[in-house]
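Visitor: mmCIF, C-alpha atoms, saved as coords35.cif, coming up:
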```cif
data_work
loop_
_atom_site.label_atom_id
_atom_site.label_comp_id
_atom_site.auth_asym_id
_atom_site.auth_seq_id
_atom_site.Cartn_x
_atom_site.Cartn_y
_atom_site.Cartn_z
CA MET A 1 -1.22 3.41 -27.95
CA LYS A 2 0.90 3.04 -24.83
CA ILE A 3 4.47 4.30 -25.12
CA ILE A 4 7.18 1.73 -24.34
CA THR A 5 9.81 2.92 -21.91
CA ARG A 6 12.52 1.30 -19.85
CA ASN A 7 10.10 1.42 -16.92
CA ASN A 8 7.31 -0.61 -18.49
CA TYR A 9 8.94 -2.73 -21.22
CA GLU A 10 8.43 -6.02 -19.39
CA GLU A 11 4.67 -5.87 -19.91
CA PHE A 12 5.28 -5.74 -23.65
CA PHE A 13 7.86 -8.54 -23.44
CA LEU A 14 5.38 -10.83 -21.77
CA ASP A 15 2.64 -10.03 -24.25
CA TYR A 16 5.09 -10.68 -27.06
CA ILE A 17 6.25 -14.01 -25.64
CA GLU A 18 2.69 -15.16 -25.07
CA GLY A 19 1.61 -14.09 -28.55
CA GLU A 20 -0.84 -11.52 -27.20
CA ILE A 21 0.77 -8.37 -28.50
CA SER A 22 -1.15 -6.20 -30.95
CA ALA A 23 0.32 -5.28 -34.33
CA PRO A 24 0.88 -1.59 -33.44
CA ASP A 25 2.52 -2.55 -30.14
CA LYS A 26 4.70 -5.09 -31.87
CA GLY A 27 5.98 -2.43 -34.26
CA ALA A 28 6.62 -0.08 -31.37
CA LEU A 29 8.43 -2.86 -29.49
CA GLU A 30 10.72 -3.58 -32.43
CA SER A 31 11.64 0.11 -32.70
CA PHE A 32 12.21 0.24 -28.96
CA LEU A 33 14.55 -2.78 -29.09
CA VAL A 34 16.61 -1.15 -31.85
CA GLN A 35 17.15 1.81 -29.54
CA ASN A 36 17.79 -0.42 -26.52
CA PRO A 37 19.91 -3.37 -27.66
CA ASP A 38 20.66 -4.47 -24.08
CA LEU A 39 16.96 -5.11 -23.58
CA LYS A 40 16.85 -7.09 -26.80
CA MET A 41 19.28 -9.50 -25.11
CA GLU A 42 16.97 -9.65 -22.13
CA LEU A 43 14.02 -10.52 -24.32
CA ASP A 44 16.04 -13.27 -25.98
CA GLU A 45 16.91 -14.68 -22.57
CA MET A 46 13.29 -14.64 -21.50
CA MET A 47 12.31 -16.52 -24.60
CA ASP A 48 15.04 -19.09 -23.92
CA MET A 49 13.82 -19.79 -20.42
CA ASP A 50 13.17 -23.54 -20.21
CA LEU A 51 10.24 -23.33 -17.86
CA LYS A 52 7.02 -25.20 -18.01
CA ILE A 53 4.81 -22.67 -16.32
CA GLU A 54 1.56 -24.59 -16.12
CA GLY A 55 1.57 -26.89 -13.13
CA GLY A 56 4.66 -25.23 -11.72
CA THR A 57 7.00 -28.06 -12.63
CA PHE A 58 10.11 -27.97 -14.70
CA GLN A 59 10.19 -29.54 -18.10
CA SER A 60 12.82 -32.20 -17.71
CA GLU A 61 13.89 -34.04 -20.80
CA SER A 62 13.54 -37.25 -18.90
CA ASP A 63 12.93 -38.44 -15.38
CA SER A 64 16.53 -39.56 -15.11
CA LEU A 65 18.49 -37.63 -12.52
CA LYS A 66 21.31 -37.04 -14.93
CA ALA A 67 18.93 -35.67 -17.52
CA ILE A 68 17.69 -32.84 -15.31
CA PRO A 69 19.49 -29.82 -16.77
CA PHE A 70 20.79 -28.32 -13.57
CA GLN A 71 23.97 -27.17 -15.24
CA LYS A 72 22.22 -25.41 -18.07
CA ASN A 73 19.40 -23.90 -16.01
CA PHE A 74 21.06 -23.69 -12.65
CA ASP A 75 19.72 -20.20 -11.90
CA ASP A 76 16.17 -21.25 -12.68
CA PHE A 77 16.43 -24.29 -10.47
CA CYS A 78 17.82 -22.19 -7.61
CA ILE A 79 14.84 -19.88 -7.88
CA ALA A 80 12.43 -22.78 -8.20
CA LYS A 81 13.95 -24.30 -5.07
CA ILE A 82 13.43 -21.19 -2.96
CA GLU A 83 9.97 -20.61 -4.46
CA GLY A 84 8.90 -24.17 -3.67
CA ASP A 85 8.25 -24.95 -7.32
CA LEU A 86 10.19 -28.22 -7.44
CA ASN A 87 8.33 -31.45 -7.03
CA ALA A 88 9.63 -34.04 -4.59
CA TYR A 89 11.78 -35.80 -7.19
CA GLU A 90 13.32 -32.58 -8.51
CA ASN A 91 13.88 -31.36 -4.96
CA GLU A 92 15.82 -34.46 -4.04
CA ALA A 93 17.76 -34.32 -7.29
CA PHE A 94 18.67 -30.70 -6.73
CA GLU A 95 19.92 -31.38 -3.23
CA LYS A 96 22.06 -34.26 -4.48
CA TYR A 97 23.42 -32.04 -7.23
CA MET A 98 24.33 -29.34 -4.71
CA ALA A 99 25.97 -31.89 -2.43
CA SER A 100 28.32 -32.88 -5.24
CA HIS A 101 28.95 -29.37 -6.58
CA SER A 102 30.09 -27.27 -3.64
CA GLU A 103 31.30 -24.56 -6.01
CA LYS A 104 27.66 -23.79 -6.72
CA GLU A 105 26.83 -23.11 -3.11
CA LYS A 106 27.82 -19.45 -3.31
CA ASP A 107 25.42 -18.74 -6.16
CA PHE A 108 22.62 -20.60 -4.43
CA SER A 109 23.33 -18.68 -1.25
CA LEU A 110 22.94 -15.40 -3.13
CA TYR A 111 19.52 -16.52 -4.35
CA ARG A 112 18.48 -17.35 -0.80
CA LYS A 113 19.39 -13.79 0.15
CA THR A 114 16.86 -12.40 -2.31
CA LYS A 115 13.99 -13.46 -0.02
CA VAL A 116 12.70 -10.27 1.58
CA SER A 117 11.57 -10.42 5.20
CA VAL A 118 9.00 -8.27 6.93
CA ASP A 119 10.20 -5.39 9.07
CA PRO A 120 7.89 -5.63 12.10
CA SER A 121 8.87 -2.16 13.29
CA ILE A 122 6.83 -0.65 10.45
CA SER A 123 3.19 -0.30 11.40
CA PHE A 124 0.26 1.86 10.41
CA PRO A 125 0.22 4.81 12.82
CA ASN A 126 -3.49 5.44 13.29
CA LYS A 127 -5.55 2.27 13.31
CA ARG A 128 -8.14 3.90 15.52
CA GLY A 129 -8.88 6.42 12.79
CA LEU A 130 -9.64 3.60 10.39
CA LYS A 131 -12.13 1.87 12.63
CA LYS A 132 -15.83 2.47 12.63
CA LYS A 133 -18.21 2.71 15.57
CA ASN A 134 -21.56 1.07 16.08
CA LYS A 135 -24.25 3.43 14.70
CA ALA A 136 -26.48 2.76 17.70
CA ILE A 137 -23.67 3.73 20.05
CA VAL A 138 -23.06 6.89 18.06
CA PHE A 139 -26.76 7.80 18.25
CA ARG A 140 -26.92 7.19 22.01
CA GLN A 141 -23.87 9.37 22.50
CA PHE A 142 -25.47 12.09 20.44
CA VAL A 143 -28.69 11.97 22.47
CA PHE A 144 -26.78 11.97 25.75
CA THR A 145 -24.69 14.94 24.70
CA THR A 146 -27.76 16.88 23.57
CA LEU A 147 -29.65 16.20 26.80
CA ALA A 148 -26.64 17.14 28.89
CA THR A 149 -26.30 20.42 27.05
CA ALA A 150 -29.99 21.19 27.44
CA ALA A 151 -29.85 20.41 31.14
CA SER A 152 -26.87 22.69 31.62
CA ILE A 153 -28.68 25.56 29.91
CA ALA A 154 -31.77 24.96 32.02
CA ILE A 155 -29.75 25.03 35.23
CA LEU A 156 -27.99 28.24 34.27
CA PHE A 157 -31.29 29.88 33.37
CA SER A 158 -32.81 28.84 36.68
CA ILE A 159 -29.88 30.30 38.60
CA TRP A 160 -30.17 33.54 36.69
CA THR A 161 -33.89 33.97 37.31
CA THR A 162 -33.45 33.16 41.00
CA GLU A 163 -30.82 35.86 41.30
CA ILE A 164 -33.22 38.32 39.75
CA GLU A 165 -35.97 37.49 42.24
CA ASN A 166 -33.67 37.71 45.26
CA ASP A 167 -32.06 41.04 44.48
CA PRO A 168 -34.05 43.02 41.99
CA THR A 169 -32.09 46.29 42.52
CA ASN A 170 -29.14 44.82 40.94
CA PHE A 171 -31.10 44.49 37.79
CA GLY A 172 -32.60 48.20 37.81
CA ASN A 173 -36.24 47.28 38.62
CA GLN A 174 -38.16 49.22 41.31
CA GLN A 175 -41.29 47.84 42.72
CA VAL A 176 -43.79 50.54 43.77
CA SER A 177 -46.47 49.98 46.43
CA GLN A 178 -49.93 51.30 45.77
CA ASN A 179 -50.08 52.89 49.28
CA ALA A 180 -46.82 54.79 49.19
CA SER A 181 -46.94 58.44 48.22
CA MET A 182 -44.48 59.86 45.86
CA PRO A 183 -43.86 63.55 45.66
CA ILE A 184 -44.19 64.92 42.18
CA ALA A 185 -41.85 67.73 41.22
CA ILE A 186 -43.78 70.77 39.73
CA PRO A 187 -41.83 72.77 37.22
CA ASP A 188 -41.31 76.52 38.06
CA SER A 189 -43.15 77.66 34.91
CA VAL A 190 -46.29 75.84 36.04
CA LYS A 191 -46.01 77.34 39.54
CA ARG A 192 -45.92 80.88 38.08
CA LYS A 193 -49.00 80.23 35.99
CA ILE A 194 -50.86 78.93 38.99
CA SER A 195 -49.88 81.99 41.10
CA ILE A 196 -50.99 84.43 38.35
CA ARG A 197 -54.41 82.82 38.15
CA LEU A 198 -54.85 82.95 41.88
CA THR A 199 -54.18 86.70 42.06
CA MET B 1 -19.30 -8.33 6.71
CA LYS B 2 -20.25 -7.09 10.13
CA LEU B 3 -18.92 -3.98 11.84
CA GLU B 4 -16.88 -6.10 14.25
CA GLU B 5 -15.31 -7.99 11.36
CA TYR B 6 -14.44 -4.72 9.64
CA ASN B 7 -12.64 -3.50 12.76
CA ILE B 8 -10.86 -6.83 13.08
CA SER B 9 -9.70 -6.36 9.48
CA VAL B 10 -8.19 -3.03 10.47
CA ASP B 11 -6.19 -4.68 13.24
CA LYS B 12 -5.11 -7.62 11.14
CA HIS B 13 -4.26 -6.03 7.81
CA SER B 14 -3.55 -2.31 8.09
CA ASP B 15 0.10 -2.89 9.04
CA GLY B 16 0.71 -5.35 6.23
CA VAL B 17 -0.93 -3.20 3.57
CA PHE B 18 0.96 -0.17 4.82
CA ARG B 19 4.32 -1.97 4.72
CA PHE B 20 3.65 -3.28 1.22
CA ILE B 21 2.72 0.14 -0.16
CA LEU B 22 5.47 1.96 1.71
CA LYS B 23 8.12 -0.44 0.44
CA ASN B 24 6.95 0.26 -3.08
CA ILE B 25 6.54 4.02 -3.13
CA LYS B 26 8.86 5.11 -0.31
CA ASP B 27 6.53 7.94 0.69
CA GLU B 28 4.96 7.59 4.12
CA ASP B 29 2.26 10.21 3.64
CA LYS B 30 1.10 8.75 0.35
CA ALA B 31 1.26 5.24 1.73
CA ARG B 32 -0.94 6.31 4.64
CA ASP B 33 -3.40 7.92 2.23
CA ILE B 34 -3.58 4.78 0.14
CA VAL B 35 -4.25 2.63 3.18
CA GLN B 36 -6.96 5.00 4.36
CA ASP B 37 -8.55 5.10 0.93
CA SER B 38 -8.50 1.31 0.76
CA PHE B 39 -10.26 0.90 4.08
CA GLU B 40 -12.76 3.62 3.20
CA LYS B 41 -13.57 1.75 0.03
CA LEU B 42 -13.93 -1.44 2.05
CA TRP B 43 -16.30 0.32 4.45
CA ARG B 44 -18.43 1.64 1.59
CA ASN B 45 -18.74 -1.92 0.32
CA VAL B 46 -18.75 -3.60 3.71
CA GLU B 47 -22.03 -5.41 3.13
CA ASN B 48 -20.77 -6.90 -0.13
CA VAL B 49 -17.31 -8.10 0.95
CA ASN B 50 -16.89 -11.53 2.50
CA PHE B 51 -14.78 -11.38 5.67
CA LEU B 52 -12.81 -14.43 4.52
CA LYS B 53 -11.69 -12.53 1.42
CA VAL B 54 -11.08 -9.16 2.97
CA LYS B 55 -7.30 -9.45 2.87
CA SER B 56 -7.14 -9.92 -0.88
CA TYR B 57 -9.77 -7.19 -1.31
CA LEU B 58 -7.59 -4.75 0.62
CA TYR B 59 -4.38 -5.67 -1.16
CA THR B 60 -6.05 -5.52 -4.55
CA THR B 61 -7.54 -2.13 -3.83
CA ALA B 62 -4.32 -0.75 -2.39
CA TYR B 63 -2.19 -2.14 -5.22
CA ARG B 64 -4.38 -0.65 -7.95
CA THR B 65 -4.50 2.72 -6.22
CA MET B 66 -0.74 2.63 -5.88
CA ILE B 67 -0.15 1.75 -9.53
CA ASP B 68 -2.50 4.52 -10.65
CA LEU B 69 -0.57 6.96 -8.50
CA ILE B 70 2.79 5.78 -9.81
CA ARG B 71 1.67 6.04 -13.42
CA ARG B 72 0.21 9.50 -12.88
CA GLU B 73 3.45 10.69 -11.35
CA LYS B 74 5.61 9.10 -14.03
CA ARG B 75 3.60 10.82 -16.76
CA LYS B 76 4.72 14.11 -15.28
CA GLU B 77 8.35 13.17 -15.76
CA ASP B 78 10.48 13.57 -18.83
CA PHE B 79 10.75 10.33 -20.77
CA ASP B 80 14.50 10.83 -20.83
CA HIS B 81 14.42 10.26 -17.09
CA VAL B 82 17.60 8.66 -15.90
CA ASP B 83 17.35 5.60 -13.72
CA VAL B 84 17.75 7.10 -10.28
CA SER B 85 18.26 3.74 -8.66
CA GLU B 86 21.87 3.66 -9.86
CA TYR B 87 23.89 3.89 -6.71
CA SER B 88 27.43 5.12 -6.50
CA HIS B 89 29.85 2.28 -6.07
CA SER B 90 31.90 4.43 -3.80
CA GLN B 91 29.32 3.98 -1.05
CA HIS B 92 30.15 1.55 1.75
CA TYR B 93 27.33 -0.88 2.37
CA THR B 94 27.18 -2.13 5.88
CA ASP B 95 24.68 -4.97 5.85
CA LEU B 96 22.55 -7.21 3.70
CA LYS B 97 19.32 -5.38 4.52
CA GLU B 98 20.55 -2.17 2.94
CA ILE B 99 21.78 -4.02 -0.12
CA LEU B 100 18.49 -5.88 -0.38
CA ASP B 101 16.51 -2.64 -0.15
CA GLN B 102 18.60 -1.20 -2.94
CA ALA B 103 18.15 -4.35 -5.00
CA LEU B 104 14.39 -3.98 -4.60
CA ASP B 105 14.58 -0.35 -5.66
CA ARG B 106 16.22 -1.42 -8.91
CA LEU B 107 13.29 -3.61 -9.88
CA SER B 108 10.40 -2.41 -11.99
CA ASP B 109 7.21 -1.50 -10.11
CA ILE B 110 5.49 -4.74 -11.05
CA GLN B 111 8.50 -6.92 -10.25
CA ARG B 112 8.86 -5.30 -6.85
CA SER B 113 5.17 -5.64 -6.10
CA VAL B 114 4.99 -9.33 -6.93
CA VAL B 115 8.14 -10.09 -4.93
CA LEU B 116 6.78 -8.25 -1.90
CA LEU B 117 3.40 -9.96 -2.16
CA ARG B 118 5.22 -13.26 -2.32
CA ASP B 119 7.73 -12.68 0.46
CA TYR B 120 5.80 -10.41 2.81
CA GLU B 121 2.41 -12.07 2.63
CA GLY B 122 3.16 -15.53 1.28
CA TYR B 123 0.65 -15.26 -1.54
CA ASN B 124 0.78 -17.98 -4.17
CA TYR B 125 1.04 -17.22 -7.88
CA GLN B 126 -2.69 -17.39 -8.45
CA GLU B 127 -3.46 -15.00 -5.60
CA ILE B 128 -0.83 -12.56 -6.81
CA ALA B 129 -2.28 -12.81 -10.31
CA GLU B 130 -5.72 -11.84 -9.00
CA ILE B 131 -4.37 -8.87 -7.10
CA THR B 132 -2.20 -7.56 -9.91
CA GLU B 133 -4.49 -8.52 -12.80
CA LEU B 134 -1.70 -10.52 -14.42
CA SER B 135 -1.83 -14.10 -15.56
CA GLU B 136 -0.31 -16.73 -13.31
CA SER B 137 2.44 -17.38 -15.83
CA GLN B 138 3.25 -13.68 -16.01
CA VAL B 139 3.56 -13.55 -12.24
CA LYS B 140 6.02 -16.45 -12.26
CA VAL B 141 8.13 -14.88 -14.95
CA TYR B 142 8.18 -11.55 -13.12
CA ILE B 143 9.27 -13.23 -9.90
CA TYR B 144 11.97 -15.28 -11.58
CA ARG B 145 13.32 -12.25 -13.42
CA ALA B 146 13.23 -10.22 -10.22
CA ARG B 147 15.16 -12.86 -8.28
CA LYS B 148 17.84 -12.96 -10.95
CA LYS B 149 18.24 -9.20 -10.95
CA MET B 150 18.39 -9.06 -7.19
CA LYS B 151 20.87 -11.91 -7.00
CA GLU B 152 23.17 -10.24 -9.51
CA TYR B 153 23.01 -6.94 -7.67
CA ILE B 154 23.63 -8.49 -4.26
CA GLY B 155 26.55 -10.45 -5.70
CA ARG B 156 28.13 -7.27 -7.16
CA MET B 157 27.66 -5.32 -3.95
CA GLU B 158 29.06 -8.06 -1.76
CA ALA B 159 32.10 -8.25 -4.00
CA VAL B 160 32.70 -4.51 -3.46
CA ILE B 161 32.54 -4.71 0.34
#
```
Would you write the structure of this file as structure tokens?
Guide:
Amino acid sequence: MKIITRNNYEEFFLDYIEGEISAPDKGALESFLVQNPDLKMELDEMMDMDLKIEGGTFQSESDSLKAIPFQKNFDDFCIAKIEGDLNAYENEAFEKYMASHSEKEKDFSLYRKTKVSVDPSISFPNKRGLKKKNKAIVFRQFVFTTLATAASIAILFSIWTTEIENDPTNFGNQQVSQNASMPIAIPDSVKRKISIRLT
Amino acid sequence: MKLEEYNISVDKHSDGVFRFILKNIKDEDKARDIVQDSFEKLWRNVENVNFLKVKSYLYTTAYRTMIDLIRREKRKEDFDHVDVSEYSHSQHYTDLKEILDQALDRLSDIQRSVVLLRDYEGYNYQEIAEITELSESQVKVYIYRARKKMKEYIGRMEAVI
């Protein structure tokens, strides 16, 4: 069962008002209201709200201008006005009421100030990171990159082998001709053996 | 939705979603993460989302992620948590925007969200209901209650100035 706190009580209020609250939650709500009497007042106010929610129009006792309860529900009508919830008749009636009750203008002005406007200076910093690329483009880029790398390696290898062919000494290789004679050094011990045999 | 339409969605809606989330949770890093997660989810489901409904898809996704985050973080707090949105009356408020921001801070998470969806994006009650998984009547009541709270707060603050 969800615990009722001062941060989430409105959910329970709405369920209670609409008759959708479970028995355990209702018991919890009643205990919560005992501990938070100021919120009990708020619940009572919500239940007293004279709003006809369906259709977005106000429940007037009659279509007569005088019968529209602006005085009683002035706050609600102010909000309805700025939310665009008044029909054409109610809208006209409200404006006439305001024209003849200038003392109400301050309150209505405060309600107008509750409309929040966008701050255009706030923007998401990295849209590019959110975007996706065409898979075909990605594949072509991959192929191009791979071929370029392979070509670079091939070029470097070719340069290296060419350097070897042009200057083999630098790499420690000696090429010996079949016709050239090479003196072979005979160790002294072998020379003595040969001289003993000859004598 | 096609790839081009997805990228158009980034251009058209990333700022708005970011502003909405940031205004709610006041944490730029987390707001950025939520926006990124929302677009990643959109991309994973790109073939199933109609381009004409992408805005509500993004806001719904971002809102639910945000609420989950808020609830997770609140569970970590002591239930005796004091309302930190009580501002000292000794502060000098210079303009309406500051007062309005503070009035928004004093609303519950749901109240603030529905007001921002209404005022920032111009959603109607039904659209807000779909995003927030509330009934249309609940949305209206939340908005009306929020306006009253904000009006009372603005009135008190302006009297102090």
Visitor: Mind telling me what the PyMOL selection byres ((chain A) within 7 of (chain B)) catches here, as a ChimeraX atom specification?
Guide: /A:7,14,53,79,110-111,114-118,122-124,127,130-132
Visitor: Kindly give the distance, in Å, that separates atom CA of A:Ala23 and atom CA of B:Thr132, rounded to a single decimal.
Guide: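 That distance, rounded to one decimal, is 24.7 Å.
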Visitor: To one decimal place in Å, what is the distance between atom CA of B:Met1 and atom CA of B:Ala62?
Guide: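 If I compute the distance from atom CA of B:Met1 to atom CA of B:Ala62, I get 19.1 Å.
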Visitor: Between atom CA of B:Gln126 and atom CA of B:Val139, measure the distance and give it in Å to one decimal.
Guide: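 Computing the Euclidean distance for atom CA of B:Gln126 and atom CA of B:Val139 yields 8.3 Å.
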Visitor: What do you get, as a list in words, if you spell out every residue that the PyMOL selection byres ((chain A and resi 78) around 9) selects here?
Guide: Asn73, Phe74, Asp75, Asp76, Phe77, Ile79, Ala80, Lys81, Ile82, Glu83, Phe94, Asp107, Phe108, Tyr111 and Arg112 of chain A
Visitor: Could the residues in this selection be saved with C-alpha atoms as a compact mmCIF listing (two decimals), in the coordinates of the input?
Guide:
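The resulting file, selection08.txt, is reproduced below:
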```txt
# COMPACT_ATOMS: atom_id res chain seq x y z
CA ASN A 73 19.40 -23.90 -16.01
CA PHE A 74 21.06 -23.69 -12.65
CA ASP A 75 19.72 -20.20 -11.90
CA ASP A 76 16.17 -21.25 -12.68
CA PHE A 77 16.43 -24.29 -10.47
CA ILE A 79 14.84 -19.88 -7.88
CA ALA A 80 12.43 -22.78 -8.20
CA LYS A 81 13.95 -24.30 -5.07
CA ILE A 82 13.43 -21.19 -2.96
CA GLU A 83 9.97 -20.61 -4.46
CA PHE A 94 18.67 -30.70 -6.73
CA ASP A 107 25.42 -18.74 -6.16
CA PHE A 108 22.62 -20.60 -4.43
CA TYR A 111 19.52 -16.52 -4.35
CA ARG A 112 18.48 -17.35 -0.80
```
Visitor: Find, counting all atoms listed in the file, the residue in B:Arg112, B:Ile34, B:Met66, B:Glu5 that gets nearest to B:Val54.
Guide: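 Closest residue, counting all atoms listed in the file: B:Glu5.
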Visitor: Run through the PyMOL selection byres ((chain B and resi 53) around 12) on the given coordinates and return the selected residues as an mmCIF file with C-alpha atoms, keeping the file's coordinate frame.
Guide:
```cif
data_model
loop_
_atom_site.group_PDB
_atom_site.id
_atom_site.type_symbol
_atom_site.label_atom_id
_atom_site.label_comp_id
_atom_site.auth_asym_id
_atom_site.auth_seq_id
_atom_site.Cartn_x
_atom_site.Cartn_y
_atom_site.Cartn_z
ATOM 1 C CA MET B 1 -19.300 -8.330 6.710
ATOM 2 C CA GLU B 5 -15.310 -7.990 11.360
ATOM 3 C CA TYR B 6 -14.440 -4.720 9.640
ATOM 4 C CA SER B 9 -9.700 -6.360 9.480
ATOM 5 C CA HIS B 13 -4.260 -6.030 7.810
ATOM 6 C CA LEU B 42 -13.930 -1.440 2.050
ATOM 7 C CA VAL B 46 -18.750 -3.600 3.710
ATOM 8 C CA ASN B 48 -20.770 -6.900 -0.130
ATOM 9 C CA VAL B 49 -17.310 -8.100 0.950
ATOM 10 C CA ASN B 50 -16.890 -11.530 2.500
ATOM 11 C CA PHE B 51 -14.780 -11.380 5.670
ATOM 12 C CA LEU B 52 -12.810 -14.430 4.520
ATOM 13 C CA VAL B 54 -11.080 -9.160 2.970
ATOM 14 C CA LYS B 55 -7.300 -9.450 2.870
ATOM 15 C CA SER B 56 -7.140 -9.920 -0.880
ATOM 16 C CA TYR B 57 -9.770 -7.190 -1.310
ATOM 17 C CA LEU B 58 -7.590 -4.750 0.620
ATOM 18 C CA TYR B 59 -4.380 -5.670 -1.160
ATOM 19 C CA THR B 60 -6.050 -5.520 -4.550
ATOM 20 C CA GLU B 127 -3.460 -15.000 -5.600
ATOM 21 C CA ILE B 131 -4.370 -8.870 -7.100
#
```
